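Note sheet for the following structure.
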Amino acid sequence: MALRIVEFFGYGPLDGSEEATRARRGRLCPFLNSKCTKRLSDGSPSGACTVRQSDPRPIICCPNRLYNGNYRTLQEIAEAAFGAPANLIPGADVARAHHDGHFVAVFGKRWGKELRLPQRRGTGAYFVDWILALIGANGRLQEFVAVEVQAIDTTGNYRAERDAYIKGRRFDSHSKAGMNWENVSKRILPQLIYKGHVLRQENLCRKGMFFVCPGPVYERIQQRLGGGLRPYPLHPGTLTFRWYDVGPERADGQRRGLQIGGQFTTTIDQVALAFTAPADLPPAGVYQQAIEAELEILRQ
């Protein structure tokens, strides 16, 4: 089934309102109040926030879509980890704040630089998307959590559909784009496991790591890991999944909301074990059967 764009520069692709038209013309991301940073292969702004394929639910394909409501997602994680109230401030503002034990310094894109994790035997470069650091009343670091944010990557080309919507036209053809579900196994899970092991060594990382993603991505992760992960309370070495979906359709000129689907906490060890020992293996002997079937054909 062909991929179709559901949200375009924050609005319906054919939304003719003044707000949607302004966003398309300016190539604006209304979730960040800045230019769209999702790029096509030629460097031009993509504009695609959310797409749909075989799953009837729209699925978020740009991580910036998950920052709806002035980074409400980070606010909710800070409160889950440190308790409410949690007042988010850019990391650069720590020295200027009058601390009361409720300020959380944020390190990440547009809030200050991302913090690099130690290189793996001198090679590679690992960054955590966000560090939320609780600052005590004395102005010193009390504890912190790490946050990774991941949408679904797409494959193929939806340029023709995108160009039609830029011009305010309908798109009734088909694109060759699709969802890159293989990315879950090839990149997302290995990086979460590695970063989780690094963070569990940190004395002040007392609530582990949070992973924010669209609902269908979380479901695919559970499917890949066999669905047998055990729940744990927040503590060092845990990985907490938080998944989101876009809200219901709204009238022209109004953006759809962002709804949390749920939260599930387990340990990095549980994830690593399930990843390396999957429960959904095919029956024993499938390779032998395939070889013998092919040999039988060749003998005829």
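Ordering of the structure tokens sets the chain letters (A, B, ...); residue numbers start at 1 within each chain; ligands are numbered from 1 in the order shown.
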- Query: If you run DSSP on this backbone, which residues of segment 105-252 of chain A come out as strand (DSSP E or B), and could you give them as number ranges by chain?
  - Reply: A: 105-108, 112, 116-117, 120, 123, 126-127, 130-135, 141-149, 154-155, 178-179, 209-214, 238-246
Selected residues, C-alpha atoms, written as a PDB file, in the first residue's frame, please.
ATOM      1  CA  ALA A 105      18.501  21.935  33.056  1.00  0.00           C
ATOM      2  CA  VAL A 106      17.863  20.746  29.502  1.00  0.00           C
ATOM      3  CA  PHE A 107      20.714  19.854  27.158  1.00  0.00           C
ATOM      4  CA  GLY A 108      19.745  19.163  23.533  1.00  0.00           C
ATOM      5  CA  GLY A 112      21.913  24.001  24.279  1.00  0.00           C
ATOM      6  CA  ARG A 116      28.423  13.367  23.627  1.00  0.00           C
ATOM      7  CA  LEU A 117      28.761   9.921  25.180  1.00  0.00           C
ATOM      8  CA  ARG A 120      33.483   3.192  21.837  1.00  0.00           C
ATOM      9  CA  THR A 123      35.661   5.130  17.255  1.00  0.00           C
ATOM     10  CA  TYR A 126      27.196   8.684  20.252  1.00  0.00           C
ATOM     11  CA  PHE A 127      24.936  11.508  21.321  1.00  0.00           C
ATOM     12  CA  TRP A 130      18.307  15.065  25.549  1.00  0.00           C
ATOM     13  CA  ILE A 131      19.732  15.198  29.039  1.00  0.00           C
ATOM     14  CA  LEU A 132      17.357  16.408  31.767  1.00  0.00           C
ATOM     15  CA  ALA A 133      19.392  17.363  34.819  1.00  0.00           C
ATOM     16  CA  LEU A 134      17.759  18.135  38.171  1.00  0.00           C
ATOM     17  CA  ILE A 135      19.549  21.004  39.905  1.00  0.00           C
ATOM     18  CA  LEU A 141      23.569  18.510  39.923  1.00  0.00           C
ATOM     19  CA  GLN A 142      21.335  16.128  41.927  1.00  0.00           C
ATOM     20  CA  GLU A 143      20.471  13.526  39.317  1.00  0.00           C
ATOM     21  CA  PHE A 144      19.672  13.225  35.623  1.00  0.00           C
ATOM     22  CA  VAL A 145      17.876  11.158  33.008  1.00  0.00           C
ATOM     23  CA  ALA A 146      18.609  10.679  29.319  1.00  0.00           C
ATOM     24  CA  VAL A 147      15.922  10.890  26.624  1.00  0.00           C
ATOM     25  CA  GLU A 148      16.008   9.522  23.100  1.00  0.00           C
ATOM     26  CA  VAL A 149      13.327  10.586  20.581  1.00  0.00           C
ATOM     27  CA  THR A 154      10.648   6.461   5.386  1.00  0.00           C
ATOM     28  CA  THR A 155      12.096   4.760   2.330  1.00  0.00           C
ATOM     29  CA  GLY A 178       7.272   3.215   2.463  1.00  0.00           C
ATOM     30  CA  MET A 179       8.152   2.711   6.124  1.00  0.00           C
ATOM     31  CA  MET A 209      16.802   6.316  30.037  1.00  0.00           C
ATOM     32  CA  PHE A 210      13.488   7.263  28.380  1.00  0.00           C
ATOM     33  CA  PHE A 211      12.671   6.454  24.762  1.00  0.00           C
ATOM     34  CA  VAL A 212       9.931   8.479  23.037  1.00  0.00           C
ATOM     35  CA  CYS A 213       8.417   7.173  19.810  1.00  0.00           C
ATOM     36  CA  PRO A 214       5.164   6.811  17.841  1.00  0.00           C
ATOM     37  CA  THR A 238      16.002   0.886  33.235  1.00  0.00           C
ATOM     38  CA  LEU A 239      14.646   1.836  29.827  1.00  0.00           C
ATOM     39  CA  THR A 240      11.251   3.521  29.806  1.00  0.00           C
ATOM     40  CA  PHE A 241       9.239   3.528  26.584  1.00  0.00           C
ATOM     41  CA  ARG A 242       6.718   6.358  26.084  1.00  0.00           C
ATOM     42  CA  TRP A 243       4.681   6.219  22.902  1.00  0.00           C
ATOM     43  CA  TYR A 244       2.423   8.784  21.257  1.00  0.00           C
ATOM     44  CA  ASP A 245      -0.106   9.155  18.455  1.00  0.00           C
ATOM     45  CA  VAL A 246      -1.613  12.217  16.820  1.00  0.00           C
TER      46      VAL A 246
END
Students should find that atom CA of Cys205 of chain A and atom CA of Pro236 of chain A are spaced 6.1 Å
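Of note, atom CA of Glu249 of chain A and atom CA of Val184 of chain A are spaced 28.0 Å apart.
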Which residues, written as a PDB file with C-alpha atoms, in the first residue's frame, have at least one atom at most 7 Å from His235 of chain A, with only C-alpha atoms counted and residues fewer than 6 positions away on the same chain left out?
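In the end it all went to out-v5.pdb:
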ATOM      1  CA  ARG A 206      18.954   7.058  38.943  1.00  0.00           C
ATOM      2  CA  LYS A 207      15.921   6.685  36.654  1.00  0.00           C
ATOM      3  CA  GLY A 208      17.663   5.297  33.572  1.00  0.00           C
TER       4      GLY A 208
END
Where does DSSP see helix (DSSP H, G or I) in segment 7-245 of chain A, if you list the residues as an MDAnalysis selection string? chainID A and resid 18:26 63:82 91:96 159:166 182:199 215:225
Export, as a compact mmCIF listing (two decimals), in the first residue's frame, the selected residues with C-alpha atoms.
# COMPACT_ATOMS: atom_id res chain seq x y z
CA GLU A 18 -4.54 31.20 6.31
CA GLU A 19 -2.51 29.40 8.99
CA ALA A 20 -1.80 26.34 6.85
CA THR A 21 -1.05 28.41 3.75
CA ARG A 22 1.43 30.53 5.69
CA ALA A 23 3.18 27.41 7.00
CA ARG A 24 3.49 25.90 3.52
CA ARG A 25 4.73 29.10 1.92
CA GLY A 26 7.25 29.76 4.67
CA PRO A 63 10.67 13.64 15.61
CA ASN A 64 9.88 17.36 15.90
CA ARG A 65 6.19 16.43 15.77
CA LEU A 66 6.71 14.81 19.17
CA TYR A 67 7.55 18.22 20.67
CA ASN A 68 3.99 19.48 20.30
CA GLY A 69 2.89 21.89 23.03
CA ASN A 70 6.21 23.62 23.67
CA TYR A 71 8.13 20.43 24.41
CA ARG A 72 5.40 19.07 26.65
CA THR A 73 6.90 15.58 26.20
CA LEU A 74 10.10 16.62 27.99
CA GLN A 75 8.09 18.31 30.73
CA GLU A 76 6.13 15.10 31.37
CA ILE A 77 9.31 13.01 31.51
CA ALA A 78 10.94 15.43 33.95
CA GLU A 79 7.90 15.19 36.22
CA ALA A 80 7.82 11.39 35.94
CA ALA A 81 11.50 11.18 36.86
CA PHE A 82 11.89 13.95 39.44
CA GLY A 91 21.43 24.34 30.33
CA ALA A 92 23.14 27.65 29.56
CA ASP A 93 20.81 29.44 32.02
CA VAL A 94 21.78 27.40 35.08
CA ALA A 95 24.28 29.95 36.39
CA ARG A 96 21.70 32.76 36.20
CA ARG A 159 8.51 14.07 -3.73
CA ALA A 160 5.63 14.21 -6.25
CA GLU A 161 3.04 14.16 -3.48
CA ARG A 162 4.93 16.79 -1.52
CA ASP A 163 5.23 19.09 -4.56
CA ALA A 164 1.51 18.80 -5.28
CA TYR A 165 0.62 19.89 -1.75
CA ILE A 166 3.10 22.78 -1.92
CA GLU A 182 14.10 -2.58 9.46
CA ASN A 183 15.58 0.45 11.16
CA VAL A 184 14.09 -0.80 14.45
CA SER A 185 16.41 -3.80 14.48
CA LYS A 186 19.38 -2.36 12.63
CA ARG A 187 19.80 0.96 14.42
CA ILE A 188 17.25 1.87 17.10
CA LEU A 189 17.53 -1.14 19.40
CA PRO A 190 21.34 -1.56 19.19
CA GLN A 191 21.85 2.12 20.03
CA LEU A 192 19.40 2.02 22.93
CA ILE A 193 21.15 -1.02 24.37
CA TYR A 194 24.62 0.52 24.05
CA LYS A 195 23.61 3.89 25.49
CA GLY A 196 21.66 2.19 28.26
CA HIS A 197 24.72 0.22 29.34
CA VAL A 198 26.83 3.40 29.37
CA LEU A 199 24.25 5.28 31.44
CA GLY A 215 2.76 4.08 18.92
CA PRO A 216 3.37 1.80 15.90
CA VAL A 217 7.15 1.98 16.45
CA TYR A 218 6.71 0.81 20.04
CA GLU A 219 4.47 -2.02 18.85
CA ARG A 220 7.10 -3.08 16.30
CA ILE A 221 9.77 -3.04 19.02
CA GLN A 222 7.63 -5.26 21.23
CA GLN A 223 7.05 -7.59 18.29
CA ARG A 224 10.79 -7.74 17.54
CA LEU A 225 11.60 -8.47 21.18
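Excluding Ser175 of chain A itself and any same-chain residue fewer than 3 positions from it, the protein and nucleic acid residues within 7 Å of it, counting only C-alpha atoms, are Ala2, Leu3, Asn157 and Tyr158 of chain A.
Minimum atom-to-atom distances from A:Arg27, A:Arg110, A:Arg299, A:His174 to Tyr11 of chain A were compared using only C-alpha atoms, and the lowest value belongs to A:Arg27.
Omitting segment 43-54 of chain A and its sequence neighbours fewer than 5 positions away, and counting only C-alpha atoms, the residues within 6 Å are Met1, Leu3, Arg4, Ile5, Val6, Glu7, Phe8, Phe9, Cys36, Lys38, Ile59, Ile60, Cys61 and Cys62 of chain A.
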Between A:Ile297, A:Ala86, A:Ala137, A:Leu14, smallest distance to Asp100 of chain A by only C-alpha atoms belongs to A:Ala137
Among A:Asn180, A:Gln254, A:Ser34, A:Ser41, Ala151 of chain A is approached most closely, using only C-alpha atoms, by A:Asn180
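The interatomic distance for the pair atom CA of Arg57 of chain A and atom CA of Ser17 of chain A works out to 24.2 Å.
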